[in-house]
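A.B. asks: File entry09.pdb below, PDB, C-alpha atoms:
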ATOM      1  CA  MET A   1      72.509  52.789  -7.194
ATOM      2  CA  ALA A   2      70.714  55.806  -8.669
ATOM      3  CA  LYS A   3      70.096  56.009 -12.390
ATOM      4  CA  ALA A   4      71.965  58.648 -14.345
ATOM      5  CA  PRO A   5      69.718  61.574 -15.349
ATOM      6  CA  LEU A   6      68.502  61.689 -18.919
ATOM      7  CA  CYS A   7      70.056  64.007 -21.468
ATOM      8  CA  PRO A   8      68.283  67.406 -21.380
ATOM      9  CA  VAL A   9      68.348  67.675 -25.194
ATOM     10  CA  CYS A  10      67.110  64.310 -26.501
ATOM     11  CA  ARG A  11      65.685  62.956 -23.228
ATOM     12  CA  LYS A  12      66.309  59.421 -24.521
ATOM     13  CA  HIS A  13      69.710  58.417 -23.175
ATOM     14  CA  PRO A  14      71.412  58.760 -19.811
ATOM     15  CA  ALA A  15      74.138  61.364 -19.442
ATOM     16  CA  GLU A  16      77.654  60.232 -20.314
ATOM     17  CA  PRO A  17      80.524  61.331 -18.055
ATOM     18  CA  ASP A  18      82.533  62.739 -21.001
ATOM     19  CA  TYR A  19      79.623  64.974 -22.128
ATOM     20  CA  ARG A  20      77.757  65.503 -18.877
ATOM     21  CA  PRO A  21      74.925  66.539 -18.632
ATOM     22  CA  PHE A  22      74.474  65.400 -22.245
ATOM     23  CA  CYS A  23      74.544  61.890 -23.679
ATOM     24  CA  SER A  24      76.773  62.656 -26.662
ATOM     25  CA  ARG A  25      78.779  65.314 -28.434
ATOM     26  CA  ARG A  26      75.871  65.792 -30.824
ATOM     27  CA  CYS A  27      73.493  66.766 -28.021
ATOM     28  CA  ALA A  28      76.139  69.024 -26.471
ATOM     29  CA  ASP A  29      76.554  70.753 -29.847
ATOM     30  CA  VAL A  30      72.779  71.127 -30.269
ATOM     31  CA  ASP A  31      72.651  72.867 -26.891
ATOM     32  CA  LEU A  32      75.602  75.127 -27.743
ATOM     33  CA  GLN A  33      73.948  76.110 -31.019
ATOM     34  CA  GLY A  34      70.849  77.100 -29.058
ATOM     35  CA  TRP A  35      72.898  79.527 -26.967
ATOM     36  CA  LEU A  36      74.839  80.899 -29.937
ATOM     37  CA  SER A  37      71.716  81.494 -32.021
ATOM     38  CA  GLY A  38      69.905  83.311 -29.201
ATOM     39  CA  ARG A  39      67.249  80.636 -28.731
ATOM     40  CA  TYR A  40      68.128  80.553 -25.048
ATOM     41  CA  ALA A  41      68.288  83.703 -22.978
ATOM     42  CA  ILE A  42      68.735  84.540 -19.336
ATOM     43  CA  PRO A  43      66.329  87.260 -18.235
ATOM     44  CA  ALA A  44      67.976  90.290 -16.704
ATOM     45  CA  ALA A  45      66.619  93.286 -14.868
ATOM     46  CA  ASP A  46      67.561  96.748 -16.052
ATOM     47  CA  ASP A  47      70.284  98.279 -13.929
ATOM     48  CA  GLU A  48      68.662 101.469 -12.670
ATOM     49  CA  SER A  49      71.887 102.626 -10.980
ATOM     50  CA  ALA A  50      73.531 102.981 -14.397
ATOM     51  CA  VAL A  51      70.788 105.385 -15.442
ATOM     52  CA  ARG A  52      71.143 107.450 -12.259
ATOM     53  CA  ASP A  53      74.926 107.638 -12.548
ATOM     54  CA  THR A  54      74.940 109.201 -15.993
ATOM     55  CA  PRO A  55      75.389 112.969 -15.971
ATOM     56  CA  SER A  56      72.306 114.921 -16.804
ATOM     57  CA  GLU A  57      72.297 117.222 -19.786
ATOM     58  CA  ASP A  58      71.267 120.603 -18.356
TER
END
As structure tokens, please, write out the structure in this file.
C.D. replies:
Amino acid sequence: MAKAPLCPVCRKHPAEPDYRPFCSRRCADVDLQGWLSGRYAIPAADDESAVRDTPSED
């Protein structure tokens, strides 16, 4: 049987089914706070089509 992966926040305890992929509610909340505070970000490319679609000011 394979071991459960470790919690990505504390990296000390295996993931619990109720809080997967975290080991506890505390670690899940720590991760959520990271997203809400802007510590985590997903890089995005500028959408050049939006710039082309805007009417030009002649």
A.B. asks: Got a sec to resolve the PyMOL selection byres ((chain A and resi 10) around 10) on this structure and send the residues as a PyMOL selection string?
C.D. replies: chain A and resi 6-9+11-14+22-24+26-27+30
A.B. asks: For stretch 33-41 of chain A, I'd like the enclosing box, axis-aligned and padded by 8 Å on every side, reported as lines of an AutoDock Vina configuration file with centre and edge lengths in Å to one decimal.
C.D. replies:
center_x = 71.0
center_y = 79.9
center_z = -27.5
size_x = 23.6
size_y = 23.6
size_z = 25.0
A.B. asks: Which distance in Å separates atom CA of A:Arg20 and atom CA of A:Ala44, to one decimal?
C.D. replies: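 According to the coordinates, atom CA of A:Arg20 and atom CA of A:Ala44 are separated by 26.7 Å.
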A.B. asks: One number please: atom CA of A:Tyr19 to atom CA of A:Ser37, in Å, one decimal.
C.D. replies: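 One can read the atom CA of A:Tyr19 to atom CA of A:Ser37 distance as 20.8 Å.
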A.B. asks: Please, what distance in Å, to one decimal, runs between atom CA of A:Leu32 and atom CA of A:Pro5?
C.D. replies: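 Interatomic distance here is 19.3 Å.
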A.B. asks: As a CSV table (one decimal), in the coordinates of the input, could you write out stretch 29-40 of chain A once it has been completed with all heavy atoms?
C.D. replies:
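Final output, out.csv:
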chain,number,residue,atom,x,y,z
A,29,ASP,N,76.5,69.8,-28.8
A,29,ASP,CA,76.6,70.8,-29.8
A,29,ASP,C,75.2,71.4,-30.2
A,29,ASP,O,75.1,72.6,-30.5
A,29,ASP,CB,77.1,70.1,-31.1
A,29,ASP,CG,78.6,69.8,-31.0
A,29,ASP,OD1,79.3,70.4,-30.1
A,29,ASP,OD2,79.2,69.1,-31.8
A,30,VAL,N,74.1,70.6,-30.1
A,30,VAL,CA,72.8,71.1,-30.3
A,30,VAL,C,72.5,72.2,-29.2
A,30,VAL,O,72.0,73.3,-29.5
A,30,VAL,CB,71.7,70.0,-30.2
A,30,VAL,CG1,70.3,70.5,-30.1
A,30,VAL,CG2,71.9,69.1,-31.5
A,31,ASP,N,72.9,71.9,-28.0
A,31,ASP,CA,72.7,72.9,-26.9
A,31,ASP,C,73.5,74.1,-27.1
A,31,ASP,O,73.0,75.2,-27.0
A,31,ASP,CB,73.0,72.2,-25.6
A,31,ASP,CG,72.7,73.2,-24.4
A,31,ASP,OD1,71.5,73.4,-24.1
A,31,ASP,OD2,73.7,73.7,-23.8
A,32,LEU,N,74.7,74.0,-27.5
A,32,LEU,CA,75.6,75.1,-27.7
A,32,LEU,C,75.0,76.0,-28.9
A,32,LEU,O,75.0,77.2,-28.8
A,32,LEU,CB,77.0,74.7,-28.1
A,32,LEU,CG,78.0,75.8,-28.4
A,32,LEU,CD1,78.2,76.7,-27.3
A,32,LEU,CD2,79.3,75.2,-28.9
A,33,GLN,N,74.5,75.4,-29.9
A,33,GLN,CA,73.9,76.1,-31.0
A,33,GLN,C,72.7,76.9,-30.6
A,33,GLN,O,72.5,78.0,-31.0
A,33,GLN,CB,73.5,75.2,-32.2
A,33,GLN,CG,72.9,75.9,-33.3
A,33,GLN,CD,73.8,76.9,-34.0
A,33,GLN,OE1,75.1,76.7,-34.0
A,33,GLN,NE2,73.3,78.0,-34.5
A,34,GLY,N,72.0,76.4,-29.6
A,34,GLY,CA,70.8,77.1,-29.1
A,34,GLY,C,71.3,78.4,-28.4
A,34,GLY,O,70.7,79.4,-28.5
A,35,TRP,N,72.4,78.3,-27.6
A,35,TRP,CA,72.9,79.5,-27.0
A,35,TRP,C,73.5,80.5,-28.0
A,35,TRP,O,73.2,81.7,-27.9
A,35,TRP,CB,74.0,79.2,-26.0
A,35,TRP,CG,73.4,78.6,-24.7
A,35,TRP,CD1,73.5,77.3,-24.3
A,35,TRP,CD2,72.8,79.3,-23.6
A,35,TRP,NE1,72.9,77.1,-23.1
A,35,TRP,CE2,72.4,78.3,-22.7
A,35,TRP,CE3,72.4,80.6,-23.4
A,35,TRP,CZ2,71.8,78.7,-21.5
A,35,TRP,CZ3,71.8,80.9,-22.3
A,35,TRP,CH2,71.5,80.0,-21.3
A,36,LEU,N,74.2,80.0,-29.0
A,36,LEU,CA,74.8,80.9,-29.9
A,36,LEU,C,73.8,81.6,-30.9
A,36,LEU,O,74.1,82.7,-31.3
A,36,LEU,CB,75.9,80.1,-30.8
A,36,LEU,CG,77.1,79.6,-30.0
A,36,LEU,CD1,77.9,78.7,-30.9
A,36,LEU,CD2,77.9,80.7,-29.3
A,37,SER,N,72.7,80.9,-31.1
A,37,SER,CA,71.7,81.5,-32.0
A,37,SER,C,70.7,82.4,-31.3
A,37,SER,O,69.9,83.0,-31.9
A,37,SER,CB,71.0,80.4,-32.7
A,37,SER,OG,70.2,79.7,-31.8
A,38,GLY,N,70.8,82.5,-30.0
A,38,GLY,CA,69.9,83.3,-29.2
A,38,GLY,C,68.6,82.6,-28.8
A,38,GLY,O,67.7,83.3,-28.4
A,39,ARG,N,68.5,81.4,-29.1
A,39,ARG,CA,67.2,80.6,-28.7
A,39,ARG,C,67.1,80.6,-27.2
A,39,ARG,O,65.9,80.6,-26.7
A,39,ARG,CB,67.3,79.2,-29.3
A,39,ARG,CG,66.0,78.5,-29.2
A,39,ARG,CD,66.0,77.2,-29.9
A,39,ARG,NE,66.9,76.3,-29.2
A,39,ARG,CZ,67.5,75.2,-29.8
A,39,ARG,NH1,67.3,75.0,-31.0
A,39,ARG,NH2,68.3,74.5,-29.1
A,40,TYR,N,68.2,80.5,-26.5
A,40,TYR,CA,68.1,80.6,-25.0
A,40,TYR,C,68.5,82.0,-24.6
A,40,TYR,O,69.3,82.6,-25.2
A,40,TYR,CB,69.1,79.6,-24.4
A,40,TYR,CG,69.0,78.1,-24.8
A,40,TYR,CD1,70.1,77.4,-25.0
A,40,TYR,CD2,67.8,77.5,-25.0
A,40,TYR,CE1,70.0,76.0,-25.4
A,40,TYR,CE2,67.7,76.2,-25.3
A,40,TYR,CZ,68.8,75.5,-25.5
A,40,TYR,OH,68.7,74.1,-25.9
